[in-house]
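Peer 1: Enclosed is the structure file model-v6.pdb (PDB, C-alpha atoms).
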ATOM      1  CA  MET A   1      12.845 -77.827 -44.933
ATOM      2  CA  ALA A   2      12.798 -76.251 -48.383
ATOM      3  CA  LEU A   3      15.867 -75.792 -50.534
ATOM      4  CA  LYS A   4      16.960 -72.181 -50.864
ATOM      5  CA  LYS A   5      19.541 -70.342 -52.922
ATOM      6  CA  ARG A   6      22.054 -70.448 -50.078
ATOM      7  CA  HIS A   7      21.850 -74.240 -50.021
ATOM      8  CA  PHE A   8      22.668 -74.471 -53.719
ATOM      9  CA  LEU A   9      25.526 -72.009 -53.164
ATOM     10  CA  LEU A  10      26.967 -74.168 -50.371
ATOM     11  CA  LEU A  11      26.630 -77.262 -52.555
ATOM     12  CA  ALA A  12      28.425 -75.502 -55.409
ATOM     13  CA  ILE A  13      31.232 -74.425 -53.060
ATOM     14  CA  ASN A  14      31.618 -77.998 -51.804
ATOM     15  CA  VAL A  15      31.696 -79.461 -55.305
ATOM     16  CA  ALA A  16      34.196 -76.837 -56.509
ATOM     17  CA  ALA A  17      36.479 -77.385 -53.495
ATOM     18  CA  LEU A  18      36.341 -81.171 -53.802
ATOM     19  CA  THR A  19      37.092 -80.978 -57.512
ATOM     20  CA  ALA A  20      39.979 -78.526 -57.102
ATOM     21  CA  PHE A  21      41.660 -80.204 -54.142
ATOM     22  CA  GLY A  22      40.912 -83.676 -55.499
ATOM     23  CA  SER A  23      42.712 -82.763 -58.722
ATOM     24  CA  VAL A  24      45.732 -81.555 -56.729
ATOM     25  CA  PHE A  25      45.856 -84.765 -54.693
ATOM     26  CA  ILE A  26      45.542 -86.913 -57.825
ATOM     27  CA  ALA A  27      48.347 -84.990 -59.539
ATOM     28  CA  ARG A  28      50.579 -85.437 -56.478
ATOM     29  CA  ARG A  29      49.485 -89.051 -55.947
ATOM     30  CA  ASN A  30      48.535 -88.105 -52.426
ATOM     31  CA  TYR A  31      46.446 -91.185 -51.664
ATOM     32  CA  GLU A  32      46.088 -90.257 -47.995
ATOM     33  CA  PHE A  33      44.059 -87.147 -48.763
ATOM     34  CA  LEU A  34      42.238 -88.786 -51.647
ATOM     35  CA  ILE A  35      40.768 -91.082 -48.997
ATOM     36  CA  TYR A  36      39.755 -88.025 -46.980
ATOM     37  CA  VAL A  37      38.151 -86.524 -50.094
ATOM     38  CA  ALA A  38      36.146 -89.747 -50.434
ATOM     39  CA  VAL A  39      35.078 -89.492 -46.761
ATOM     40  CA  ILE A  40      33.951 -85.889 -47.288
ATOM     41  CA  ILE A  41      31.927 -86.957 -50.344
ATOM     42  CA  VAL A  42      30.240 -89.703 -48.290
ATOM     43  CA  CYS A  43      29.403 -87.162 -45.560
ATOM     44  CA  LEU A  44      28.035 -84.769 -48.186
ATOM     45  CA  VAL A  45      25.809 -87.525 -49.576
ATOM     46  CA  ILE A  46      24.541 -88.365 -46.075
ATOM     47  CA  ILE A  47      23.700 -84.710 -45.391
ATOM     48  CA  ALA A  48      21.947 -84.425 -48.769
ATOM     49  CA  ALA A  49      19.973 -87.637 -48.182
ATOM     50  CA  SER A  50      18.800 -86.503 -44.744
ATOM     51  CA  PHE A  51      18.358 -82.818 -45.578
ATOM     52  CA  PHE A  52      14.563 -82.911 -45.684
ATOM     53  CA  LYS A  53      14.327 -85.081 -42.559
ATOM     54  CA  LEU A  54      16.596 -83.216 -40.150
ATOM     55  CA  PRO A  55      16.594 -79.518 -39.177
ATOM     56  CA  TYR A  56      20.122 -78.636 -40.281
ATOM     57  CA  THR A  57      20.833 -75.021 -39.416
ATOM     58  CA  ASP A  58      22.629 -72.648 -41.760
ATOM     59  CA  GLY A  59      25.417 -72.310 -39.197
ATOM     60  CA  THR A  60      25.915 -76.069 -39.190
ATOM     61  CA  LEU A  61      26.049 -76.335 -42.994
ATOM     62  CA  VAL A  62      28.452 -73.407 -43.285
ATOM     63  CA  GLY A  63      30.596 -74.830 -40.485
ATOM     64  CA  LEU A  64      30.840 -78.223 -42.182
ATOM     65  CA  THR A  65      31.674 -76.622 -45.543
ATOM     66  CA  VAL A  66      34.439 -74.489 -44.051
ATOM     67  CA  TRP A  67      35.765 -77.543 -42.178
ATOM     68  CA  ALA A  68      36.017 -79.542 -45.395
ATOM     69  CA  ILE A  69      37.929 -76.734 -47.110
ATOM     70  CA  LEU A  70      40.241 -76.179 -44.123
ATOM     71  CA  HIS A  71      40.969 -79.903 -43.958
ATOM     72  CA  MET A  72      41.793 -80.284 -47.631
ATOM     73  CA  ALA A  73      43.864 -77.089 -47.618
ATOM     74  CA  GLY A  74      45.835 -78.510 -44.705
ATOM     75  CA  GLY A  75      47.016 -81.355 -46.903
ATOM     76  CA  ALA A  76      47.430 -79.422 -50.148
ATOM     77  CA  VAL A  77      49.067 -76.133 -49.154
ATOM     78  CA  TYR A  78      52.772 -75.895 -48.318
ATOM     79  CA  ILE A  79      54.555 -72.918 -46.754
ATOM     80  CA  ASN A  80      58.349 -73.008 -47.097
ATOM     81  CA  ASP A  81      58.212 -76.757 -47.814
ATOM     82  CA  THR A  82      56.153 -77.368 -44.669
ATOM     83  CA  ARG A  83      52.653 -78.747 -45.022
ATOM     84  CA  LEU A  84      50.028 -76.382 -43.645
ATOM     85  CA  TYR A  85      48.841 -78.999 -41.168
ATOM     86  CA  GLU A  86      52.275 -78.924 -39.509
ATOM     87  CA  ILE A  87      52.505 -75.137 -39.186
ATOM     88  CA  ILE A  88      52.595 -73.705 -35.651
ATOM     89  CA  LEU A  89      50.168 -70.791 -35.607
ATOM     90  CA  ILE A  90      51.000 -69.655 -32.074
ATOM     91  CA  ARG A  91      53.824 -71.192 -30.029
ATOM     92  CA  LEU A  92      52.166 -72.105 -26.713
ATOM     93  CA  SER A  93      54.485 -74.887 -25.552
ATOM     94  CA  ILE A  94      58.102 -75.915 -25.875
ATOM     95  CA  LYS A  95      57.358 -79.568 -25.097
ATOM     96  CA  TYR A  96      54.247 -80.058 -27.236
ATOM     97  CA  PRO A  97      53.518 -78.961 -30.826
ATOM     98  CA  ILE A  98      50.765 -76.491 -30.013
ATOM     99  CA  PHE A  99      49.050 -74.395 -31.231
ATOM    100  CA  ARG A 100      49.152 -75.895 -34.748
ATOM    101  CA  TYR A 101      46.918 -75.407 -37.756
ATOM    102  CA  ASP A 102      45.925 -79.041 -37.184
ATOM    103  CA  GLN A 103      44.455 -78.259 -33.760
ATOM    104  CA  PHE A 104      42.674 -75.185 -35.109
ATOM    105  CA  VAL A 105      40.981 -77.372 -37.745
ATOM    106  CA  HIS A 106      39.995 -79.896 -35.077
ATOM    107  CA  ILE A 107      38.447 -77.179 -32.902
ATOM    108  CA  TRP A 108      36.499 -75.771 -35.840
ATOM    109  CA  GLY A 109      35.603 -79.162 -37.286
ATOM    110  CA  PHE A 110      34.289 -80.728 -34.127
ATOM    111  CA  ALA A 111      32.389 -77.618 -33.184
ATOM    112  CA  ALA A 112      30.652 -78.142 -36.539
ATOM    113  CA  SER A 113      30.263 -81.869 -35.811
ATOM    114  CA  THR A 114      28.722 -81.139 -32.417
ATOM    115  CA  LEU A 115      26.272 -78.719 -34.041
ATOM    116  CA  THR A 116      25.440 -81.500 -36.495
ATOM    117  CA  MET A 117      24.710 -83.877 -33.597
ATOM    118  CA  PHE A 118      22.488 -81.186 -32.074
ATOM    119  CA  CYS A 119      20.540 -81.031 -35.356
ATOM    120  CA  VAL A 120      20.245 -84.833 -35.406
ATOM    121  CA  LEU A 121      18.976 -84.959 -31.806
ATOM    122  CA  ARG A 122      16.832 -81.843 -31.973
ATOM    123  CA  PRO A 123      13.623 -83.511 -33.275
ATOM    124  CA  LEU A 124      13.734 -85.782 -30.209
ATOM    125  CA  LEU A 125      13.949 -82.908 -27.724
ATOM    126  CA  LYS A 126      11.089 -81.216 -25.933
ATOM    127  CA  GLU A 127      10.348 -77.660 -26.961
ATOM    128  CA  ASN A 128      11.613 -74.979 -24.587
ATOM    129  CA  LEU A 129      13.946 -77.520 -23.029
ATOM    130  CA  ASN A 130      15.644 -75.831 -20.076
ATOM    131  CA  ARG A 131      17.887 -78.636 -18.849
ATOM    132  CA  TYR A 132      20.897 -77.216 -20.640
ATOM    133  CA  LEU A 133      23.514 -79.148 -18.654
ATOM    134  CA  ALA A 134      21.951 -82.520 -19.458
ATOM    135  CA  LEU A 135      21.568 -81.533 -23.112
ATOM    136  CA  SER A 136      25.200 -80.391 -23.219
ATOM    137  CA  VAL A 137      26.515 -83.691 -21.861
ATOM    138  CA  VAL A 138      24.585 -85.702 -24.450
ATOM    139  CA  VAL A 139      25.413 -83.480 -27.437
ATOM    140  CA  VAL A 140      29.072 -82.977 -26.493
ATOM    141  CA  MET A 141      29.525 -86.744 -26.059
ATOM    142  CA  ALA A 142      27.896 -87.270 -29.452
ATOM    143  CA  GLY A 143      30.268 -84.733 -31.005
ATOM    144  CA  LEU A 144      33.248 -86.411 -29.352
ATOM    145  CA  GLY A 145      31.990 -89.720 -30.721
ATOM    146  CA  VAL A 146      32.411 -88.256 -34.205
ATOM    147  CA  GLY A 147      35.898 -87.188 -33.126
ATOM    148  CA  ALA A 148      36.699 -90.757 -32.053
ATOM    149  CA  LEU A 149      35.420 -92.017 -35.417
ATOM    150  CA  ASN A 150      37.729 -89.522 -37.120
ATOM    151  CA  GLU A 151      40.716 -90.918 -35.206
ATOM    152  CA  ILE A 152      39.711 -94.462 -36.230
ATOM    153  CA  ILE A 153      39.639 -93.367 -39.873
ATOM    154  CA  GLU A 154      43.065 -91.764 -39.467
ATOM    155  CA  ALA A 155      44.405 -94.993 -37.933
ATOM    156  CA  LEU A 156      43.037 -96.998 -40.865
ATOM    157  CA  VAL A 157      44.593 -94.540 -43.328
ATOM    158  CA  ALA A 158      47.944 -94.815 -41.520
ATOM    159  CA  ALA A 159      47.725 -98.618 -41.688
ATOM    160  CA  ALA A 160      46.821 -98.604 -45.387
ATOM    161  CA  ILE A 161      49.296 -95.951 -46.544
ATOM    162  CA  PRO A 162      52.862 -96.151 -45.202
ATOM    163  CA  GLY A 163      54.218 -92.732 -44.308
ATOM    164  CA  ALA A 164      50.800 -91.100 -43.935
ATOM    165  CA  GLY A 165      51.152 -87.922 -41.892
ATOM    166  CA  VAL A 166      48.685 -88.882 -39.174
ATOM    167  CA  GLY A 167      51.064 -88.642 -36.209
ATOM    168  CA  GLY A 168      51.445 -90.694 -33.031
ATOM    169  CA  TYR A 169      49.863 -90.896 -29.589
ATOM    170  CA  VAL A 170      50.630 -87.292 -28.602
ATOM    171  CA  ASN A 171      49.058 -86.041 -31.832
ATOM    172  CA  THR A 172      45.936 -88.145 -31.205
ATOM    173  CA  ALA A 173      45.662 -86.875 -27.619
ATOM    174  CA  LEU A 174      46.025 -83.248 -28.724
ATOM    175  CA  ASP A 175      43.440 -83.853 -31.464
ATOM    176  CA  LEU A 176      40.931 -85.173 -28.915
ATOM    177  CA  ILE A 177      41.541 -82.231 -26.585
ATOM    178  CA  ALA A 178      40.963 -79.864 -29.522
ATOM    179  CA  ASP A 179      37.785 -81.801 -30.374
ATOM    180  CA  PHE A 180      36.541 -81.299 -26.807
ATOM    181  CA  ILE A 181      37.247 -77.561 -26.940
ATOM    182  CA  GLY A 182      35.338 -77.353 -30.224
ATOM    183  CA  ALA A 183      32.393 -79.276 -28.764
ATOM    184  CA  ILE A 184      32.193 -76.938 -25.756
ATOM    185  CA  ILE A 185      32.298 -73.888 -28.058
ATOM    186  CA  ALA A 186      29.456 -75.397 -30.081
ATOM    187  CA  MET A 187      27.292 -75.858 -27.002
ATOM    188  CA  LEU A 188      27.913 -72.261 -25.913
ATOM    189  CA  TYR A 189      26.754 -71.259 -29.395
ATOM    190  CA  VAL A 190      23.671 -73.471 -28.998
ATOM    191  CA  ARG A 191      22.863 -71.846 -25.646
ATOM    192  CA  CYS A 192      23.047 -68.352 -27.150
ATOM    193  CA  ARG A 193      21.297 -69.165 -30.416
ATOM    194  CA  TYR A 194      18.909 -72.106 -29.991
ATOM    195  CA  LEU A 195      18.099 -72.615 -26.316
ATOM    196  CA  ARG A 196      14.430 -71.741 -26.746
ATOM    197  CA  TYR A 197      14.196 -73.538 -30.085
ATOM    198  CA  ASP A 198      11.920 -70.814 -31.425
ATOM    199  CA  ASN A 199      14.197 -69.516 -34.186
ATOM    200  CA  PRO A 200      15.731 -72.538 -35.979
ATOM    201  CA  ARG A 201      17.201 -70.621 -38.905
TER
END
For this file, produce the structure as structure tokens.

Peer 2:
Amino acid sequence: MALKKRHFLLLAINVAALTAFGSVFIARRNYEFLIYVAVIIVCLVIIAASFFKLPYTDGTLVGLTVWAILHMAGGAVYINDTRLYEIILIRLSIKYPIFRYDQFVHIWGFAASTLTMFCVLRPLLKENLNRYLALSVVVVMAGLGVGALNEIIEALVAAAIPGAGVGGYVNTALDLIADFIGAIIAMLYVRCRYLRYDNPR
């Protein structure tokens, strides 16, 4: 896959966002999100290193870029002294804190992660594969595996940094449910866009 102008544009956006948000987190001594910035950089390096080996779609790269920006904004932006990640976007429950910006980011982010897993698995799939249900189970489980890894990273951050705003069991459960919703949305997108595998871009 050849590099095109849009790829350089996405790289520039990622570098600019990482630099801007990283500077904010350094100034605030927000070590929790500095760790997340480091994780995003590692992911960016992995994507760059595998770019010519895997058929990353434009939708996947844009989705991952937007996810990174949404995630960093969630830790950097405050509205009326409340961190963006804690903001309720639509009140759907009295008992549970939903629907929060946090869950929106998880839905978006793990839709993007599931698309990434589709790109990783795609070279191993038969052309014109029509067993969509079987493909969905494998790719959704792969996407949820990334979600589980994310929760492990959050647990490690919470252990390393006292007072990190990761949340407890209910937050983790809601995160995983949001991840699952995102993964399902991604597979619906795959069905509409890539089922015949004849138009990869």

Peer 1: I want to know what sits within 8 Å of region 90-107 of chain A, based on only C-alpha atoms, with residues of the same chain fewer than 2 positions away left out; could you give that as a PyMOL selection string?

Peer 2: chain A and resi 67+70-71+74+84-88+109-111+174-175+178-183

Peer 1: Just C-alpha atoms for this one: save the residues we selected as a PDB file, in the coordinates of the input.

Peer 2:
ATOM      1  CA  TRP A  67      35.765 -77.543 -42.178  1.00  0.00           C
ATOM      2  CA  LEU A  70      40.241 -76.179 -44.123  1.00  0.00           C
ATOM      3  CA  HIS A  71      40.969 -79.903 -43.958  1.00  0.00           C
ATOM      4  CA  GLY A  74      45.835 -78.510 -44.705  1.00  0.00           C
ATOM      5  CA  LEU A  84      50.028 -76.382 -43.645  1.00  0.00           C
ATOM      6  CA  TYR A  85      48.841 -78.999 -41.168  1.00  0.00           C
ATOM      7  CA  GLU A  86      52.275 -78.924 -39.509  1.00  0.00           C
ATOM      8  CA  ILE A  87      52.505 -75.137 -39.186  1.00  0.00           C
ATOM      9  CA  ILE A  88      52.595 -73.705 -35.651  1.00  0.00           C
ATOM     10  CA  GLY A 109      35.603 -79.162 -37.286  1.00  0.00           C
ATOM     11  CA  PHE A 110      34.289 -80.728 -34.127  1.00  0.00           C
ATOM     12  CA  ALA A 111      32.389 -77.618 -33.184  1.00  0.00           C
ATOM     13  CA  LEU A 174      46.025 -83.248 -28.724  1.00  0.00           C
ATOM     14  CA  ASP A 175      43.440 -83.853 -31.464  1.00  0.00           C
ATOM     15  CA  ALA A 178      40.963 -79.864 -29.522  1.00  0.00           C
ATOM     16  CA  ASP A 179      37.785 -81.801 -30.374  1.00  0.00           C
ATOM     17  CA  PHE A 180      36.541 -81.299 -26.807  1.00  0.00           C
ATOM     18  CA  ILE A 181      37.247 -77.561 -26.940  1.00  0.00           C
ATOM     19  CA  GLY A 182      35.338 -77.353 -30.224  1.00  0.00           C
ATOM     20  CA  ALA A 183      32.393 -79.276 -28.764  1.00  0.00           C
TER      21      ALA A 183
END

Peer 1: Translate the PyMOL selection byres ((chain A and resi 30) around 12) into a concrete residue list for this structure, as a ChimeraX atom specification.

Peer 2: /A:21-29,31-37,72,75-76,157,161-165

Peer 1: Determine the residue membership of the PyMOL selection byres ((chain A and resi 147-154) around 8) for the file above and supply it as a PyMOL selection string.

Peer 2: chain A and resi 110+143-146+155-158+166+172+176+179

Peer 1: Check the smallest atom-to-atom distance from each of A:Leu124, A:Cys192, A:Ala112, A:Val137 to Asp58 (chain A) using all atoms listed in the file, then report the winner.

Peer 2: A:Ala112

Peer 1: Go through the shown structure with the PyMOL selection byres ((chain A and resi 57) around 12) and write out the matching residues as a VMD selection string.

Peer 2: chain A and resid 1 6 to 7 47 51 to 52 54 to 56 58 to 64 112 115 to 120 122 190 193 to 194 197 199 to 201

Peer 1: What is the CA of Pro123 (chain A)-CA of Ala12 (chain A) distance in Å, reported with one decimal?

Peer 2: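 Going from CA of Pro123 (chain A) over to CA of Ala12 (chain A), I get 27.8 Å.
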
Peer 1: Rounded to one decimal place, report the CA of Asn171 (chain A)-CA of Trp108 (chain A) distance in Å.

Peer 2: 16.7 Å

Peer 1: Quick one, how far is CA of Ile69 (chain A) from CA of Asn14 (chain A)?

Peer 2: 8.0 Å
